[in-house]
Amino acid sequence: MQYMHKYASPKFFYTLAGKLTPWMAALTTVLLVAGLYLGLFVAPADYQQGESYRIMFIHVPAAWMSMFIYVCMAGAGAIALVWNVKLFEMFAGNCAPVGASFTFLALVTGSLWGKPMWGAWWAWDARLTSELILFFLYIGYMALEASIDDPRRAARASAILALVGVVNIPVIHFSVEWWNTLHQPASVTKMGTPSIHPSMLAPLLLMSLGFTFYFFTVALMRMRNEILERERHTTWVAQLLGSKS
Amino acid sequence: MNWSEFIHMGGYGFYVWSSYGLALLVLLLNLYLPLRRRKTVRRLLHEFLRLKEQTR
């Protein structure tokens, strides 16, 4: 526990995050460029969906991120609630806007694929509806956090909201199995071998990894800003800014 | 494959490029916001520390 507090000290983390950010950003760029190249130039057209399936290289990673970030947010919120670690509190709070934007991206790209393939922009199908609820959970989280002035109390209240909302994550994941949905079932996370050709799986995984590192990059950037803001009364912040002005 | 075919995307150009364009927009916006915030925070902190120095 004492180690956690050392590494989770805002000053230590500020420096560490500053060193990590450029590497994370570089890795993100490499992964996304490779993913885009394989996805747009190398992967062949789908025999049923033609070229439209290339939307999946955005849609699927964005949808995965929407859930992954939510779990990060709720998990960090829980840790902050139990052990009262400020850093996890800040991480949770900074997950929300990024997660909401990936959820938005997943919903809109799904629509853009649904229109030519299903003939409808939207359907009240279990997968789509639960993903929309996820978007509202993010919005609710941010609204609740913004409505309470004291950042620590705001973080506690919104962490509880995030934890309650976590039940929606398995609902999204299993919705295609539990209900007879218009949305197709999983093809990558299926038990056994994924039912997707390697030339299409590779860009999908590269884009997903790229989005993941992108998320960590911007989360670190956001956390550094918040650390400076919250720690403005400390001497290390005064020294840091004094030395660079 | 030539460029016009590439842009055309077998007739799905609008849907495909709207998706990729929106993705780019989301990624750029999420990058721009913390960069702008960093500027603001640094400016406010300099001000804050200057005032604190004066009132001491």
# chains A, B, ... in the order shown; residues from 1 in each chain; ligands from 1
>>> closest_atom_pairs(of="range 10-55 of chain A", to="range 23-46 of chain B", cutoff="12 Å", atoms="only C-alpha atoms", output="JSON lines")
{"residue": "A:Thr21", "atom": "CA", "partner": "B:Leu31", "partner_atom": "CA", "distance": 12.0}
{"residue": "A:Ala25", "atom": "CA", "partner": "B:Leu31", "partner_atom": "CA", "distance": 10.3}
{"residue": "A:Thr28", "atom": "CA", "partner": "B:Leu27", "partner_atom": "CA", "distance": 11.1}
{"residue": "A:Thr29", "atom": "CA", "partner": "B:Leu27", "partner_atom": "CA", "distance": 11.4}
{"residue": "A:Leu32", "atom": "CA", "partner": "B:Leu24", "partner_atom": "CA", "distance": 10.9}
{"residue": "A:Leu36", "atom": "CA", "partner": "B:Leu24", "partner_atom": "CA", "distance": 11.6}
{"residue": "A:Ile55", "atom": "CA", "partner": "B:Ala23", "partner_atom": "CA", "distance": 10.2}
>>> interface_residues(of="chain A", to="chain B", cutoff="9 Å", atoms="only C-alpha atoms", output="ChimeraX atom specification")
/A:40-41,50-55,58-59,62,97-98,101-102,105,108-110,112-113,115-116,211,214,217-219,221-222,224-226,228-229,232-233,237-238,241-242,245
>>> write_last_selection(atoms="C-alpha atoms", output="mmCIF file, in the first residue's frame")
data_model
loop_
_atom_site.group_PDB
_atom_site.id
_atom_site.type_symbol
_atom_site.label_atom_id
_atom_site.label_comp_id
_atom_site.auth_asym_id
_atom_site.auth_seq_id
_atom_site.Cartn_x
_atom_site.Cartn_y
_atom_site.Cartn_z
ATOM 1 C CA LEU A 40 -7.752 0.667 -46.618
ATOM 2 C CA PHE A 41 -5.146 -0.622 -49.087
ATOM 3 C CA GLY A 50 -18.275 -4.899 -50.677
ATOM 4 C CA GLU A 51 -16.186 -1.927 -49.574
ATOM 5 C CA SER A 52 -18.680 -0.744 -46.952
ATOM 6 C CA TYR A 53 -17.291 -3.159 -44.361
ATOM 7 C CA ARG A 54 -14.179 -0.936 -44.075
ATOM 8 C CA ILE A 55 -16.282 1.156 -41.704
ATOM 9 C CA ILE A 58 -13.387 2.339 -37.105
ATOM 10 C CA HIS A 59 -16.675 1.084 -35.717
ATOM 11 C CA ALA A 62 -14.541 2.526 -31.213
ATOM 12 C CA PRO A 97 -15.196 12.720 -22.047
ATOM 13 C CA VAL A 98 -12.886 10.467 -24.069
ATOM 14 C CA SER A 101 -16.617 10.542 -27.715
ATOM 15 C CA PHE A 102 -15.698 6.947 -28.624
ATOM 16 C CA LEU A 105 -18.155 7.510 -32.802
ATOM 17 C CA VAL A 108 -22.564 7.200 -35.680
ATOM 18 C CA THR A 109 -20.285 4.866 -37.650
ATOM 19 C CA GLY A 110 -22.759 2.065 -36.881
ATOM 20 C CA LEU A 112 -23.337 4.996 -41.418
ATOM 21 C CA TRP A 113 -22.874 1.283 -41.972
ATOM 22 C CA LYS A 115 -27.993 2.716 -43.710
ATOM 23 C CA PRO A 116 -26.532 0.998 -46.799
ATOM 24 C CA PHE A 211 -7.160 3.610 -30.127
ATOM 25 C CA TYR A 214 -4.454 7.031 -28.024
ATOM 26 C CA THR A 217 -1.994 9.353 -24.327
ATOM 27 C CA VAL A 218 -4.844 11.830 -23.964
ATOM 28 C CA ALA A 219 -5.747 10.542 -20.487
ATOM 29 C CA MET A 221 -2.282 14.721 -20.912
ATOM 30 C CA ARG A 222 -5.575 15.485 -19.182
ATOM 31 C CA ARG A 224 -1.218 16.318 -15.980
ATOM 32 C CA ASN A 225 -3.385 19.410 -16.419
ATOM 33 C CA GLU A 226 -5.613 18.432 -13.534
ATOM 34 C CA LEU A 228 -1.225 21.132 -11.793
ATOM 35 C CA GLU A 229 -4.605 22.671 -11.128
ATOM 36 C CA ARG A 232 -1.477 24.701 -7.163
ATOM 37 C CA HIS A 233 -0.937 25.361 -3.448
ATOM 38 C CA VAL A 237 4.117 23.277 -8.539
ATOM 39 C CA ALA A 238 5.402 26.736 -7.659
ATOM 40 C CA LEU A 241 6.365 26.903 -12.949
ATOM 41 C CA GLY A 242 8.954 29.259 -11.497
ATOM 42 C CA SER A 245 8.902 31.141 -16.614
#
>>> atom_distance(atom1="CA of Ser208 in chain A", atom2="CA of Leu128 in chain A")
19.9 Å
>>> atom_distance(atom1="CA of Gly165 in chain A", atom2="CA of Trp179 in chain A")
20.1 Å
